[in-house]
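Asker: Okay, handing you the structure first.
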Amino acid sequence: MLTSGWKAVSMVDVHGKVTFTLWLCGCNLKCPFCHNWRIAERRGCFELPRDAMLEELSSHSFLIDYFHVTGGEPLMQWRELKGLLEDVKPLADVSLNTNLTIVRPLEELLRFDLVDHIATDIKAPPQELYGLPKNASEKLWRIFLRGLEVVSDYKIPMELRIPIPKGFNVIPWVEEALKHVNTDFYVVLNPLVGRPLTNPRDGKWCSQHCWPRQELLEIENELKSRRIKVFVNKWAM
Ligand code: SF4
C-alpha cells in the first residue's frame, strides 16, 4: 500500500489523544483548502514497509491511545488497509480519519471490528469544499450522510471536524449532518488557514475563503447553545 510516511508519537492528530499516525496516499476529493494535496495526489509516496512499521508500532504501543490512519483518504486502499488493521488490532486501538464518502468498504472494516474511533469532516457547503462538479458533490454529500448513519449503527465514537470557511454559512449543513449522528461525538472547529501557515491546493480560493472570524464565532455559539461538546483549533487565529 502507498504511504507518505508515519509518525510514532503525535499529539495533534486526534483531540486530546496520543497517536501513532500513518498517512496513506490517494483521495477521491479535491478540496481546495487541502494542505495534504500532494499525498492526495500520490506525489512522493512509496510502498509501505509494513514489517518495519509494525515493529515500530509494537515498541511504541504502550505510549499511545490510537493507531491513527489518515491521508489522503485511507479507504482508497481499503483492501490493503483491512489486512494491515488485522495485524495492528492486537497492538493498538484504531482511529480512522475518513471523508466518509466511501461507505461500503468502511462497513466492511466495521463489520470485522477493526475500527474503534472515526474522525471525519463536515465539509460544507459541499459544492465548494469537495472541489468537484456540483452534481458529484451533491451525490457525495448524500453518501456522507449515509456514512454518518453507518458509523452510528456500529456505535463508534466520532470526532466531527468542521472546517470553517470565510464567506459561507455552514450552520444549515451542520444541522443536517447532526440529524444523521446517533453515537458519542464531539466537535472540533478548524478555521481554514492559508499561506504562510499552510500550502493549500488552491491558493486563489483560499485567499477568498481562508482566515474566517465571524463565521467561526457563529458556529461555535450555535453548537454551544445546543450543549454540544466543542473544541476550537485557535492555533491559527
Ligand atoms: S482535505 Fe482530505 S478529503 Fe479533501 S482532498 Fe485533502 S485529503 Fe482528500
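Letters for chains follow the order of the C-alpha cells (A, B, ...), residue numbers begin at 1 for each chain, and ligand numbers begin at 1 in the order shown.
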For the structure I just gave you, how does DSSP split region 5-236 of chain A - specifically, which residues are alpha helix (DSSP H)? Reply as a ChimeraX atom specification.

Answerer: /A:37-40,50-60,78-88,103-111,126-129,134-153,171-178,203-209,214-225

Asker: List the neighbours of Glu159 (chain A) out to 8 Å using only C-alpha atoms; skip same-chain residues closer than 6 positions along the sequence, and give me the result as number ranges by chain.

Answerer: A: 14-15, 117-120, 185-188

Asker: Give the residue list for ligand 1 at 12 Å, counting only C-alpha atoms and all ligand atoms, as an MDAnalysis selection string, sorted by chain and then by residue number.

Answerer: chainID A and resid 23:42 69:76 97:102 119:124 126 128:132 140 144 161:163 190 192 199:202

Asker: Give me, please, the distance in Å between CA of Leu110 (chain A) and CA of Lys82 (chain A), quoted to one decimal.

Answerer: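 Between CA of Leu110 (chain A) and CA of Lys82 (chain A) the gap is 10.0 Å.
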
Asker: Find the residue from A:Phe168, A:Trp173, A:Trp78, A:Tyr154 that sits nearest to Arg142 (chain A); use only C-alpha atoms when measuring.

Answerer: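 With only C-alpha atoms as the atom set, the closest residue is A:Trp173.
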
Asker: Excluding Leu84 (chain A) and its own-chain neighbours fewer than 3 positions away, which residues fall within 10 Å of it when counting only C-alpha atoms? Please give them as JSON, numbers by chain.

Answerer: {"A": [1, 50, 54, 78, 79, 80, 81, 87, 88, 89, 114]}

Asker: Could you name the residues that touch Val151 (chain A) at 9 Å or less, counting only C-alpha atoms, but leaving out those on the same chain fewer than 6 positions away, as number ranges by chain?

Answerer: A: 106-107, 110, 118, 157-158, 181-183

Asker: Pick out the residues sitting within 9 Å of Trp6 (chain A), and hand them over as a list in words; count only C-alpha atoms, and ignore anything fewer than 2 positions along from it in its own chain.

Answerer: Thr3, Ser4, Ala8, Phe20, Thr21, Leu22, Trp23 and Met53 of chain A

Asker: Quote the spacing between CA of Ala136 (chain A) and CA of Ser207 (chain A) in Å to one decimal place.

Answerer: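 According to the coordinates, CA of Ala136 (chain A) and CA of Ser207 (chain A) are separated by 24.6 Å.
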
Asker: What residues in region 3-177 of chain A get the DSSP label strand (DSSP E)? Please answer as a PyMOL selection string.

Answerer: chain A and resi 3-10+19-24+46-47+66-70+94-97+117-121+158-164

Asker: Can you write just those residues out, C-alpha atoms, as a PDB file, in the first residue's frame?

Answerer:
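Resulting contents of part_2.pdb:
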```pdb
ATOM      1  CA  THR A   3       2.139   5.756   2.122  1.00  0.00           C
ATOM      2  CA  SER A   4       3.876   9.073   2.583  1.00  0.00           C
ATOM      3  CA  GLY A   5       5.191   8.001   5.997  1.00  0.00           C
ATOM      4  CA  TRP A   6       4.285   7.678   9.664  1.00  0.00           C
ATOM      5  CA  LYS A   7       4.962   9.345  13.000  1.00  0.00           C
ATOM      6  CA  ALA A   8       5.477   7.157  16.068  1.00  0.00           C
ATOM      7  CA  VAL A   9       4.155   9.687  18.605  1.00  0.00           C
ATOM      8  CA  SER A  10       1.793  12.522  17.664  1.00  0.00           C
ATOM      9  CA  THR A  19      -1.457   8.594  18.370  1.00  0.00           C
ATOM     10  CA  PHE A  20       0.847   6.612  16.163  1.00  0.00           C
ATOM     11  CA  THR A  21      -0.144   8.194  12.849  1.00  0.00           C
ATOM     12  CA  LEU A  22       0.115   6.669   9.378  1.00  0.00           C
ATOM     13  CA  TRP A  23      -0.559   8.677   6.202  1.00  0.00           C
ATOM     14  CA  LEU A  24      -1.984   6.762   3.213  1.00  0.00           C
ATOM     15  CA  PHE A  46       6.203   4.836  -1.535  1.00  0.00           C
ATOM     16  CA  GLU A  47       5.272   1.258  -0.730  1.00  0.00           C
ATOM     17  CA  TYR A  66      -4.709   5.051  18.967  1.00  0.00           C
ATOM     18  CA  PHE A  67      -3.082   3.860  15.795  1.00  0.00           C
ATOM     19  CA  HIS A  68      -4.468   6.692  13.635  1.00  0.00           C
ATOM     20  CA  VAL A  69      -4.775   6.217   9.875  1.00  0.00           C
ATOM     21  CA  THR A  70      -5.173   9.347   7.819  1.00  0.00           C
ATOM     22  CA  VAL A  94      -7.572   2.033  15.721  1.00  0.00           C
ATOM     23  CA  SER A  95      -8.726   5.537  14.777  1.00  0.00           C
ATOM     24  CA  LEU A  96      -9.648   6.137  11.131  1.00  0.00           C
ATOM     25  CA  ASN A  97      -9.737   9.583   9.548  1.00  0.00           C
ATOM     26  CA  HIS A 117     -12.796   5.665  16.539  1.00  0.00           C
ATOM     27  CA  ILE A 118     -13.694   7.727  13.470  1.00  0.00           C
ATOM     28  CA  ALA A 119     -12.574  11.242  12.634  1.00  0.00           C
ATOM     29  CA  THR A 120     -14.367  12.960   9.779  1.00  0.00           C
ATOM     30  CA  ASP A 121     -15.009  16.446   8.384  1.00  0.00           C
ATOM     31  CA  MET A 158     -16.648  10.197  16.394  1.00  0.00           C
ATOM     32  CA  GLU A 159     -14.523  13.295  16.210  1.00  0.00           C
ATOM     33  CA  LEU A 160     -16.607  15.539  13.954  1.00  0.00           C
ATOM     34  CA  ARG A 161     -14.372  18.172  12.477  1.00  0.00           C
ATOM     35  CA  ILE A 162     -15.868  21.226  10.856  1.00  0.00           C
ATOM     36  CA  PRO A 163     -13.590  23.172   8.517  1.00  0.00           C
ATOM     37  CA  ILE A 164     -14.790  26.781   8.734  1.00  0.00           C
TER      38      ILE A 164
END
```

Asker: Enter the distance from CA of Met11 (chain A) to CA of Ser58 (chain A), in Å, rounded to one decimal.

Answerer: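 So the two atoms, CA of Met11 (chain A) and CA of Ser58 (chain A), lie 18.0 Å apart.
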
Asker: Using only C-alpha atoms, which residue out of A:Val174, A:Lys166, A:Val12, A:Val232 lies closest to Trp211 (chain A)?

Answerer: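 Between A:Val174, A:Lys166, A:Val12, A:Val232, the residue approaching Trp211 (chain A) most closely is A:Lys166.
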
Asker: When you count only C-alpha atoms, which of these residues is closest to Asp184 (chain A): A:Arg226, A:Gly147, A:Ala92, A:Asp116?

Answerer: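 That would be A:Asp116, the residue with the smallest distance to Asp184 (chain A).
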